[in-house]
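Note: the block below is my_file.cif and it holds mmCIF, C-alpha atoms.
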```cif
data_target
#
loop_
_atom_site.label_atom_id
_atom_site.label_comp_id
_atom_site.auth_asym_id
_atom_site.auth_seq_id
_atom_site.Cartn_x
_atom_site.Cartn_y
_atom_site.Cartn_z
CA MET A 1 -44.98 22.17 -41.41
CA ARG A 2 -45.66 21.48 -45.06
CA THR A 3 -44.38 23.82 -47.69
CA SER A 4 -43.89 23.75 -51.44
CA ALA A 5 -42.86 25.83 -54.44
CA SER A 6 -43.61 25.38 -58.15
CA THR A 7 -42.49 26.81 -61.43
CA GLU A 8 -42.94 26.15 -65.11
CA ILE A 9 -39.77 25.60 -67.12
CA ASP A 10 -39.31 25.83 -70.85
CA ALA A 11 -37.46 22.49 -71.08
CA PRO A 12 -38.47 18.84 -71.59
CA ARG A 13 -39.21 16.74 -68.53
CA ASP A 14 -36.23 14.38 -68.85
CA VAL A 15 -33.82 17.31 -69.04
CA VAL A 16 -35.25 18.81 -65.87
CA TRP A 17 -35.21 15.39 -64.21
CA ALA A 18 -31.55 14.76 -65.06
CA TYR A 19 -30.68 18.15 -63.62
CA VAL A 20 -32.54 18.06 -60.30
CA THR A 21 -31.65 14.44 -59.43
CA ASP A 22 -27.90 14.85 -60.03
CA PRO A 23 -26.38 14.68 -56.51
CA ASP A 24 -23.24 16.51 -57.63
CA ARG A 25 -25.26 19.63 -58.40
CA THR A 26 -27.82 19.59 -55.62
CA ALA A 27 -25.86 21.61 -53.07
CA ALA A 28 -25.15 24.23 -55.73
CA PHE A 29 -28.77 24.89 -56.70
CA MET A 30 -30.73 24.03 -53.56
CA ALA A 31 -30.92 27.22 -51.51
CA GLY A 32 -29.95 26.77 -47.85
CA VAL A 33 -28.33 23.37 -48.52
CA THR A 34 -24.55 23.40 -48.17
CA ARG A 35 -23.89 19.67 -48.65
CA TRP A 36 -25.68 16.89 -50.55
CA GLN A 37 -23.11 14.14 -50.73
CA PRO A 38 -23.72 10.46 -51.58
CA VAL A 39 -23.00 8.16 -48.65
CA ALA A 40 -20.04 5.91 -49.50
CA GLY A 41 -21.05 2.32 -50.24
CA GLU A 42 -24.67 3.18 -51.12
CA PRO A 43 -26.21 3.74 -54.58
CA ARG A 44 -25.54 7.28 -55.87
CA THR A 45 -29.03 7.70 -57.31
CA GLY A 46 -32.29 5.77 -57.43
CA GLU A 47 -34.21 4.08 -54.68
CA ARG A 48 -32.19 3.53 -51.48
CA ALA A 49 -29.60 6.14 -52.46
CA ARG A 50 -28.44 7.98 -49.35
CA TYR A 51 -27.02 11.48 -48.96
CA HIS A 52 -25.22 13.37 -46.22
CA VAL A 53 -27.11 16.63 -46.05
CA LEU A 54 -26.24 19.93 -44.34
CA MET A 55 -28.71 22.78 -44.20
CA GLU A 56 -28.40 26.33 -42.95
CA VAL A 57 -31.17 27.07 -40.47
CA GLY A 58 -30.75 30.56 -39.10
CA SER A 59 -27.28 30.74 -37.57
CA ALA A 60 -26.99 26.95 -37.25
CA GLU A 61 -25.92 24.31 -39.71
CA VAL A 62 -28.10 21.26 -39.33
CA GLY A 63 -26.98 17.89 -40.61
CA GLY A 64 -28.33 14.42 -41.23
CA VAL A 65 -28.67 11.57 -43.68
CA VAL A 66 -31.64 11.23 -46.07
CA GLU A 67 -32.67 8.19 -48.11
CA VAL A 68 -34.52 8.10 -51.43
CA VAL A 69 -37.72 6.10 -50.93
CA GLU A 70 -39.49 6.80 -54.24
CA TRP A 71 -37.83 6.94 -57.64
CA ASP A 72 -40.08 7.16 -60.66
CA PRO A 73 -38.20 8.84 -63.53
CA PRO A 74 -38.92 11.30 -64.95
CA GLY A 75 -41.69 12.17 -62.50
CA ASP A 76 -41.17 11.74 -58.78
CA MET A 77 -38.27 11.44 -56.40
CA ALA A 78 -39.05 11.40 -52.67
CA TRP A 79 -36.74 11.13 -49.71
CA VAL A 80 -37.05 10.81 -45.93
CA SER A 81 -34.60 11.60 -43.17
CA ILE A 82 -32.75 8.71 -41.53
CA THR A 83 -30.83 10.84 -39.01
CA GLY A 84 -31.07 14.52 -38.17
CA PRO A 85 -34.28 16.55 -38.15
CA SER A 86 -37.42 14.76 -39.38
CA GLN A 87 -38.30 15.65 -42.95
CA ARG A 88 -39.86 14.29 -46.13
CA GLY A 89 -39.02 15.88 -49.44
CA ARG A 90 -40.18 15.40 -53.02
CA TRP A 91 -39.41 16.52 -56.54
CA ARG A 92 -42.51 16.33 -58.72
CA LEU A 93 -42.25 16.88 -62.48
CA ARG A 94 -45.29 17.08 -64.78
CA ASP A 95 -45.73 17.74 -68.51
CA ARG A 96 -47.18 21.05 -69.58
CA ARG A 97 -48.09 22.31 -73.05
CA ASP A 98 -45.45 23.04 -75.71
CA GLY A 99 -42.83 20.74 -74.24
CA ARG A 100 -42.70 22.64 -70.99
CA THR A 101 -42.36 21.09 -67.54
CA GLU A 102 -43.92 21.98 -64.24
CA LEU A 103 -41.42 21.48 -61.41
CA THR A 104 -42.58 21.27 -57.79
CA LEU A 105 -40.43 20.92 -54.68
CA LEU A 106 -42.30 19.82 -51.54
CA LEU A 107 -40.93 19.67 -48.04
CA ASN A 108 -42.67 18.33 -45.00
CA TYR A 109 -40.76 18.76 -41.78
CA GLN A 110 -41.33 19.09 -38.11
CA ALA A 111 -39.22 20.39 -35.26
CA PRO A 112 -40.12 18.23 -32.24
CA GLY A 113 -40.19 19.57 -28.71
CA GLY A 114 -43.68 20.79 -27.83
CA LEU A 115 -44.29 24.50 -27.66
CA LEU A 116 -40.72 25.60 -28.37
CA GLY A 117 -40.60 23.26 -31.34
CA LEU A 118 -43.80 24.83 -32.60
CA VAL A 119 -42.28 28.28 -32.27
CA ALA A 120 -39.14 27.05 -34.07
CA ASP A 121 -41.40 25.76 -36.87
CA ARG A 122 -43.26 29.06 -37.12
CA ILE A 123 -40.04 31.03 -37.30
CA SER A 124 -38.28 28.75 -39.75
CA GLY A 125 -41.41 28.39 -41.95
CA PRO A 126 -40.99 31.60 -43.98
CA LEU A 127 -37.22 30.99 -44.34
CA VAL A 128 -37.77 27.47 -45.67
CA SER A 129 -40.54 28.62 -48.03
CA ARG A 130 -38.26 31.30 -49.42
CA ASN A 131 -35.47 28.77 -49.96
CA LEU A 132 -37.84 26.47 -51.85
CA ARG A 133 -38.99 29.34 -54.08
CA ARG A 134 -35.40 30.40 -54.72
CA THR A 135 -34.44 26.82 -55.56
CA VAL A 136 -37.08 26.19 -58.24
CA ALA A 137 -36.52 29.68 -59.69
CA GLY A 138 -32.78 28.94 -59.87
CA VAL A 139 -33.37 25.63 -61.66
CA ARG A 140 -35.64 27.38 -64.17
CA ARG A 141 -33.11 30.14 -64.85
CA HIS A 142 -30.31 27.63 -65.35
CA LEU A 143 -32.24 25.35 -67.71
CA GLU A 144 -33.77 28.14 -69.78
CA ASP A 145 -30.50 30.05 -70.07
CA PRO A 146 -27.48 28.01 -68.95
CA PHE A 147 -25.24 31.06 -69.35
CA SER A 148 -27.26 33.22 -66.97
CA MET B 1 0.65 34.87 22.86
CA SER B 2 -1.59 36.83 25.20
CA GLU B 3 -4.62 35.32 26.95
CA SER B 4 -7.10 37.04 24.65
CA GLY B 5 -5.05 36.08 21.60
CA ARG B 6 -5.24 32.42 22.63
CA GLU B 7 -9.01 32.67 23.07
CA VAL B 8 -9.44 34.13 19.61
CA GLY B 9 -7.26 31.34 18.22
CA GLU B 10 -9.36 28.67 19.92
CA LEU B 11 -12.58 30.28 18.69
CA ALA B 12 -11.27 30.36 15.13
CA GLY B 13 -10.27 26.71 15.45
CA ALA B 14 -13.74 25.76 16.70
CA ALA B 15 -15.38 27.70 13.86
CA ARG B 16 -13.18 25.92 11.33
CA GLY B 17 -14.12 22.59 12.89
CA LEU B 18 -17.83 23.40 12.70
CA PHE B 19 -17.52 24.56 9.11
CA GLY B 20 -15.57 21.42 8.30
CA SER B 21 -18.24 19.08 9.63
CA VAL B 22 -21.10 20.94 7.93
CA ALA B 23 -19.20 21.06 4.65
CA GLY B 24 -18.22 17.40 5.05
CA ALA B 25 -21.89 16.38 5.28
CA LEU B 26 -22.62 18.53 2.23
CA VAL B 27 -19.81 16.87 0.28
CA ARG B 28 -21.23 13.42 1.07
CA ARG B 29 -24.70 14.46 -0.12
CA VAL B 30 -23.26 15.94 -3.29
CA THR B 31 -21.15 12.83 -3.97
CA ASP B 32 -24.22 10.62 -3.50
CA ARG B 33 -26.09 12.60 -6.11
CA ILE B 34 -23.39 12.33 -8.73
CA GLY B 35 -23.13 8.56 -8.84
CA THR B 36 -20.58 6.67 -10.88
CA ALA B 37 -19.46 6.71 -14.52
CA ASP B 38 -22.58 7.61 -16.42
CA LEU B 39 -21.79 7.61 -20.13
CA ASP B 40 -24.99 5.65 -20.68
CA GLU B 41 -27.15 8.50 -19.48
CA ARG B 42 -26.75 10.34 -22.75
CA ASP B 43 -30.14 10.29 -24.44
CA PRO B 44 -30.09 10.97 -28.21
CA ASP B 45 -33.89 10.86 -28.46
CA TYR B 46 -34.19 13.50 -25.79
CA ILE B 47 -31.62 15.65 -27.59
CA ARG B 48 -33.50 15.26 -30.89
CA ASP B 49 -36.76 16.26 -29.26
CA ASN B 50 -35.40 19.41 -27.64
CA LEU B 51 -32.67 20.57 -29.96
CA ALA B 52 -34.69 22.89 -32.18
CA GLY B 53 -36.39 24.69 -29.32
CA LEU B 54 -33.26 25.08 -27.19
CA TRP B 55 -31.24 26.26 -30.16
CA LEU B 56 -33.92 28.83 -30.82
CA LEU B 57 -33.60 30.10 -27.24
CA ALA B 58 -29.81 30.07 -27.40
CA SER B 59 -29.69 31.88 -30.71
CA PHE B 60 -32.08 34.56 -29.51
CA TYR B 61 -30.78 34.98 -25.99
CA PHE B 62 -27.04 34.60 -26.61
CA ARG B 63 -27.08 35.39 -30.39
CA ALA B 64 -24.99 32.23 -30.54
CA ASP B 65 -22.50 32.04 -33.37
CA VAL B 66 -20.74 28.67 -33.69
CA ARG B 67 -18.11 28.42 -36.41
CA GLY B 68 -15.67 25.89 -37.80
CA LEU B 69 -17.70 22.73 -37.11
CA ARG B 70 -16.29 21.38 -40.39
CA ASN B 71 -12.87 21.30 -38.71
CA ILE B 72 -14.04 18.48 -36.45
CA PRO B 73 -13.28 15.08 -38.05
CA ALA B 74 -16.60 13.68 -39.33
CA GLU B 75 -16.05 10.31 -37.67
CA GLY B 76 -14.17 8.65 -34.87
CA PRO B 77 -12.97 9.74 -31.45
CA VAL B 78 -11.66 13.28 -31.05
CA LEU B 79 -10.59 15.35 -28.08
CA ILE B 80 -12.03 18.86 -28.21
CA VAL B 81 -10.08 21.20 -25.94
CA GLY B 82 -11.78 24.44 -25.00
CA ASN B 83 -11.23 27.60 -23.01
CA HIS B 84 -13.92 27.91 -20.38
CA SER B 85 -16.06 30.85 -19.33
CA GLY B 86 -19.16 31.96 -17.48
CA GLY B 87 -18.78 30.80 -13.89
CA ASN B 88 -20.69 27.65 -12.94
CA VAL B 89 -23.31 28.31 -15.64
CA THR B 90 -20.90 27.94 -18.62
CA PRO B 91 -23.36 28.90 -21.37
CA ASP B 92 -20.68 28.38 -24.03
CA THR B 93 -20.74 24.64 -23.30
CA LEU B 94 -24.50 24.51 -23.82
CA VAL B 95 -24.34 26.50 -27.03
CA PHE B 96 -21.55 24.35 -28.46
CA THR B 97 -23.24 21.11 -27.43
CA LEU B 98 -26.43 22.11 -29.22
CA ALA B 99 -24.55 23.20 -32.33
CA PHE B 100 -22.52 19.96 -32.36
CA SER B 101 -25.63 17.78 -32.15
CA ALA B 102 -27.40 19.82 -34.82
CA PHE B 103 -24.43 19.60 -37.18
CA PHE B 104 -23.51 15.93 -36.77
CA GLY B 105 -26.93 14.67 -35.69
CA ALA B 106 -27.97 13.76 -32.16
CA GLU B 107 -26.91 10.19 -32.97
CA ARG B 108 -23.18 11.00 -32.87
CA ARG B 109 -21.85 10.28 -29.42
CA PHE B 110 -20.62 13.46 -27.75
CA HIS B 111 -19.59 13.85 -24.13
CA GLN B 112 -18.51 16.85 -22.08
CA LEU B 113 -16.39 16.53 -18.96
CA VAL B 114 -17.82 18.78 -16.26
CA HIS B 115 -16.95 19.43 -12.65
CA ASN B 116 -18.73 17.17 -10.16
CA LEU B 117 -20.44 20.15 -8.57
CA VAL B 118 -21.98 21.29 -11.85
CA LEU B 119 -23.66 17.88 -12.24
CA ALA B 120 -24.92 18.03 -8.67
CA VAL B 121 -26.68 21.39 -8.75
CA PRO B 122 -30.16 21.58 -10.31
CA SER B 123 -30.12 22.81 -13.90
CA PRO B 124 -32.96 23.77 -16.24
CA VAL B 125 -31.17 21.75 -18.93
CA PRO B 126 -30.63 18.08 -18.00
CA LEU B 127 -26.89 18.02 -18.68
CA ARG B 128 -26.49 14.26 -18.33
CA LYS B 129 -28.98 13.63 -21.13
CA TYR B 130 -26.81 15.84 -23.33
CA GLY B 131 -23.78 13.69 -22.53
CA SER B 132 -22.18 15.55 -19.62
CA VAL B 133 -20.17 13.25 -17.36
CA ALA B 134 -18.22 13.88 -14.16
CA ALA B 135 -14.64 14.84 -14.95
CA SER B 136 -12.44 11.80 -14.32
CA HIS B 137 -9.71 9.90 -16.18
CA GLU B 138 -11.94 6.86 -16.27
CA ASN B 139 -14.81 8.70 -17.96
CA SER B 140 -12.47 10.35 -20.49
CA ARG B 141 -10.93 7.05 -21.54
CA LEU B 142 -14.27 5.25 -21.68
CA ALA B 143 -15.76 7.99 -23.84
CA LEU B 144 -12.88 8.05 -26.34
CA ARG B 145 -12.76 4.26 -26.53
CA LYS B 146 -16.45 4.29 -27.41
CA GLY B 147 -15.54 6.50 -30.37
CA ALA B 148 -17.03 9.66 -28.87
CA ALA B 149 -16.14 13.26 -29.42
CA LEU B 150 -15.07 14.43 -25.98
CA LEU B 151 -15.06 18.05 -24.87
CA VAL B 152 -12.68 18.97 -22.06
CA TYR B 153 -11.92 22.26 -20.36
CA PRO B 154 -8.43 21.98 -18.86
CA GLY B 155 -8.74 25.41 -17.21
CA GLY B 156 -11.80 24.18 -15.32
CA ASP B 157 -12.86 26.06 -12.20
CA TRP B 158 -9.68 28.16 -12.36
CA GLU B 159 -10.40 29.59 -15.79
CA VAL B 160 -14.18 29.79 -15.55
CA HIS B 161 -14.06 32.19 -12.61
CA ARG B 162 -11.35 34.50 -13.95
CA PRO B 163 -12.20 38.19 -13.61
CA SER B 164 -14.33 39.59 -16.45
CA TRP B 165 -11.54 41.92 -17.55
CA GLN B 166 -9.48 38.80 -18.40
CA SER B 167 -12.24 37.62 -20.71
CA ALA B 168 -9.89 37.36 -23.69
CA LYS B 169 -7.27 35.26 -21.89
CA VAL B 170 -6.74 31.50 -22.27
CA ASP B 171 -5.65 30.17 -18.87
CA PHE B 172 -5.24 26.40 -18.45
CA ALA B 173 -3.24 26.97 -15.22
CA GLY B 174 -0.47 24.74 -16.59
CA ARG B 175 -2.71 21.63 -16.63
CA LYS B 176 -1.53 19.09 -19.20
CA GLY B 177 -3.66 15.99 -18.52
CA TRP B 178 -5.47 16.51 -21.82
CA ILE B 179 -2.21 16.13 -23.77
CA ARG B 180 -1.40 12.84 -22.05
CA LEU B 181 -4.96 11.66 -22.70
CA ALA B 182 -4.75 12.45 -26.43
CA LEU B 183 -1.39 10.69 -26.69
CA GLU B 184 -2.43 7.62 -24.72
CA GLU B 185 -5.65 7.18 -26.67
CA ASP B 186 -4.01 8.33 -29.93
CA VAL B 187 -6.80 10.72 -30.89
CA PRO B 188 -6.61 14.09 -32.65
CA ILE B 189 -7.14 17.36 -30.78
CA VAL B 190 -9.49 20.10 -31.95
CA PRO B 191 -8.96 23.42 -30.10
CA LEU B 192 -12.21 25.21 -29.34
CA VAL B 193 -12.17 28.93 -28.63
CA ALA B 194 -15.11 30.78 -27.08
CA VAL B 195 -15.67 34.40 -26.17
CA GLY B 196 -18.52 36.17 -24.37
CA GLY B 197 -19.14 33.82 -21.45
CA GLN B 198 -17.21 36.01 -19.05
CA GLU B 199 -19.68 38.81 -19.71
CA THR B 200 -22.70 36.85 -18.48
CA ALA B 201 -21.95 38.27 -14.99
CA LEU B 202 -19.36 40.65 -13.59
CA PHE B 203 -16.70 38.29 -12.28
CA LEU B 204 -14.54 40.11 -9.75
CA SER B 205 -12.14 37.61 -8.22
CA ARG B 206 -11.43 33.91 -8.03
CA GLY B 207 -11.13 34.20 -4.27
CA GLU B 208 -8.24 31.70 -4.02
CA ARG B 209 -7.29 32.90 -0.53
CA LEU B 210 -10.90 32.58 0.64
CA ALA B 211 -10.95 29.01 -0.72
CA LYS B 212 -7.81 28.10 1.25
CA LEU B 213 -8.98 29.82 4.41
CA THR B 214 -12.31 27.97 4.48
CA GLY B 215 -10.80 24.63 3.49
CA ILE B 216 -13.13 24.09 0.52
CA ASP B 217 -10.13 23.59 -1.75
CA ARG B 218 -9.55 20.17 -0.20
CA MET B 219 -13.20 19.22 0.29
CA PHE B 220 -14.67 20.08 -3.14
CA ARG B 221 -11.58 19.91 -5.36
CA LEU B 222 -12.15 23.63 -5.85
CA LYS B 223 -9.19 25.95 -5.90
CA VAL B 224 -11.43 28.99 -5.88
CA LEU B 225 -14.30 30.62 -4.02
CA PRO B 226 -15.26 33.14 -6.68
CA ILE B 227 -16.77 36.53 -6.06
CA SER B 228 -18.99 38.11 -8.69
CA LEU B 229 -21.93 40.44 -9.24
CA ALA B 230 -24.61 38.29 -10.82
CA LEU B 231 -28.36 38.00 -11.26
CA PRO B 232 -30.44 37.49 -9.21
CA TRP B 233 -28.15 37.54 -6.15
CA GLY B 234 -26.27 40.77 -6.53
CA LEU B 235 -23.07 39.93 -4.70
CA ASN B 236 -22.50 36.24 -5.43
CA ILE B 237 -19.91 34.36 -3.41
CA GLY B 238 -19.04 30.83 -4.45
CA ASP B 239 -21.57 30.64 -7.30
CA MET B 240 -22.68 27.30 -5.82
CA ALA B 241 -26.34 28.00 -6.59
CA THR B 242 -25.21 29.26 -10.01
CA HIS B 243 -26.78 32.46 -11.35
CA PHE B 244 -28.93 33.80 -14.15
CA PRO B 245 -26.64 34.66 -17.07
CA LEU B 246 -26.80 38.03 -18.78
CA PRO B 247 -27.59 37.76 -22.50
CA ALA B 248 -24.00 38.24 -23.67
CA LYS B 249 -23.27 37.42 -27.29
CA LEU B 250 -21.42 34.11 -27.48
CA THR B 251 -19.05 33.22 -30.29
CA VAL B 252 -17.48 29.77 -30.42
CA GLU B 253 -15.02 28.57 -33.05
CA ALA B 254 -13.52 25.13 -33.63
CA LEU B 255 -9.99 25.29 -35.07
CA ALA B 256 -8.17 22.90 -37.41
CA PRO B 257 -7.51 19.45 -35.91
CA ILE B 258 -4.03 18.61 -34.62
CA ASP B 259 -2.47 15.15 -34.76
CA LEU B 260 0.06 15.45 -31.93
CA ARG B 261 2.52 12.80 -33.14
CA GLU B 262 2.36 14.08 -36.71
CA ARG B 263 3.13 17.63 -35.63
CA PHE B 264 5.39 17.14 -32.61
CA GLY B 265 7.13 13.83 -33.38
CA PRO B 266 6.66 10.29 -32.00
CA GLU B 267 7.38 11.33 -28.38
CA PRO B 268 5.95 14.84 -28.08
CA ASP B 269 7.22 17.10 -25.33
CA LEU B 270 4.24 18.02 -23.13
CA ASP B 271 5.45 21.57 -22.52
CA GLU B 272 5.99 22.19 -26.22
CA VAL B 273 2.49 20.91 -27.07
CA TYR B 274 0.97 22.95 -24.25
CA ASP B 275 2.68 26.16 -25.34
CA SER B 276 1.87 25.65 -29.00
CA VAL B 277 -1.82 24.77 -28.59
CA THR B 278 -2.54 27.46 -26.00
CA ALA B 279 -0.73 30.05 -28.18
CA THR B 280 -2.88 29.08 -31.18
CA MET B 281 -6.01 29.36 -29.04
CA GLN B 282 -4.90 32.68 -27.56
CA ALA B 283 -4.34 34.15 -31.02
CA LYS B 284 -7.86 33.12 -32.07
CA LEU B 285 -9.40 34.39 -28.82
CA THR B 286 -7.70 37.75 -29.27
CA GLU B 287 -9.12 37.87 -32.80
CA LEU B 288 -12.64 37.00 -31.61
CA GLN B 289 -12.43 39.57 -28.82
CA ALA B 290 -11.39 42.23 -31.36
CA GLU B 291 -14.66 41.59 -33.23
CA ARG B 292 -16.61 42.71 -30.18
CA ARG B 293 -17.51 46.37 -29.94
CA PHE B 294 -19.49 46.45 -26.70
CA PRO B 295 -19.61 44.32 -23.54
CA VAL B 296 -22.58 41.91 -23.42
CA ILE B 297 -24.06 43.25 -26.69
CA GLY B 298 -21.04 41.95 -28.59
#
```

Using structure tokens, write down the structure from this file.
Amino acid sequence: MRTSASTEIDAPRDVVWAYVTDPDRTAAFMAGVTRWQPVAGEPRTGERARYHVLMEVGSAEVGGVVEVVEWDPPGDMAWVSITGPSQRGRWRLRDRRDGRTELTLLLNYQAPGGLLGLVADRISGPLVSRNLRRTVAGVRRHLEDPFS
Amino acid sequence: MSESGREVGELAGAARGLFGSVAGALVRRVTDRIGTADLDERDPDYIRDNLAGLWLLASFYFRADVRGLRNIPAEGPVLIVGNHSGGNVTPDTLVFTLAFSAFFGAERRFHQLVHNLVLAVPSPVPLRKYGSVAASHENSRLALRKGAALLVYPGGDWEVHRPSWQSAKVDFAGRKGWIRLALEEDVPIVPLVAVGGQETALFLSRGERLAKLTGIDRMFRLKVLPISLALPWGLNIGDMATHFPLPAKLTVEALAPIDLRERFGPEPDLDEVYDSVTATMQAKLTELQAERRFPVIG
């Protein structure tokens, strides 16, 4: 299942980049994510940074470790799962007119397990899409009006 | 004794003998199927592949609600001590096992001690792949020494077959092996409280007298021969072939971890620990039961 959400933010690219790649804030602004904590002994940011991640999926909390595999500031940060459910994620930032930034969050994930896994994917799909939309909208609100 | 009385006595003796030999053969077949210590049969890849789908089923069918997973230490060996429900089907174990593997990742070693018989009967979920091992001291020690989280149900067959109207009662039948285990291996305890399992069938009686009378208490290590009304059998005696659970809402909650020596001193008194931990669990179970408005529906 591949899903994404985009928004345009009235803020320069490096400001948006600094905000979305800060691991201390991720759990606060990423909808459905309850923990995004650097793994001790690994880089906090940049390529090969690792994070303990917990996500709310329906009534379950699902955990795992992800690793940053692409780090191209201030444009792309991509991660893959090391343990836990299989996923690939990406922040993509692009310049728009008048010093604005287009922010995209992509998530590619798959619940294994044949037919039941497929059903799980279908059911979780709309929930995950909604979380992605809420996340980018939240980032935009915060950066355009930090006191909102 | 009269002549006819003696005849009846002899007949009863012969019947017991016949039952004994049939049951003896059954015990041997069951024991053969169980095999030896099988910690290695846990299969994290299998768990990963099936977790999402099974959790989906569990959350729809049992409206599973698993709380307090953050109370379980993130690393290292830990002894999880639960109250047990649901006859030989024990859906709360399945639900918790799935939630544990989802939360910590299928990679974290997690074993559940289950009664030999449960491992022997066919199950739609391959319990061994999920880390279930036959209940023995050897398996418990091996698991903890490998750094696993180990789930034990001290109440075992006694608690799991309690009548449905005692659903909100923690009953370890005075068994304290788990305390000795935690002390010997120096691991923390996490109490685990579950409600709802006793509503997956109508459990009527443990049938302790029936168990003694038929001699299965010695043969199967079973103190009970439970009587229940369960799908699809109707009247279900023994629950040996298990049953189809009703979709009762299951709530499971892990409580704060307890370091026995820190709380009860360097040489803890087993009775004191037993009373304290079971009282804590009972208070939580009473609370969880109070949240329920209707049987089965929850």

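This file, filtered with the PyMOL selection byres ((chain B) within 8 of (chain A)), gives the residues Arg48, Asp49, Asn50, Leu51, Ala52, Gly53, Leu54, Leu56, Ser59, Ala64, Asp65, Val66, Ala99, Ala102, Phe103, Phe104, Gly105, Ala106 and Glu107 of chain B.
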
- [ ] Rounded to one decimal place, report the atom CA of A:Arg92-atom CA of A:Gly46 distance in Å.
- [x]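 Answer for the atom CA of A:Arg92 to atom CA of A:Gly46 separation: 14.8 Å.
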
Which residues are close to A:Asp14, i.e. within 8 Å by only C-alpha atoms, leaving aside same-chain residues fewer than 2 positions away? Reply as a PDB file with C-alpha atoms, in the coordinates of the input.
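The resulting out-v7.pdb:
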```pdb
ATOM      1  CA  PRO A  12     -38.470  18.840 -71.590  1.00  0.00           C
ATOM      2  CA  VAL A  16     -35.250  18.810 -65.870  1.00  0.00           C
ATOM      3  CA  TRP A  17     -35.210  15.390 -64.210  1.00  0.00           C
ATOM      4  CA  ALA A  18     -31.550  14.760 -65.060  1.00  0.00           C
ATOM      5  CA  PRO A  73     -38.200   8.840 -63.530  1.00  0.00           C
ATOM      6  CA  PRO A  74     -38.920  11.300 -64.950  1.00  0.00           C
TER       7      PRO A  74
END
```

- [ ] Give me the result of the PyMOL selection byres ((chain A and resi 30-41) around 8) on this file, residue by residue, as a PyMOL selection string.
- [x] chain A and resi 23-24+26-29+42-44+49-57+131-132+134-135

Task: Selection result of the PyMOL selection byres ((chain B and resi 75) around 10) on this file, as an NGL selection string - done: :B and (72-74 or 76-78 or 104 or 108 or 147-149)
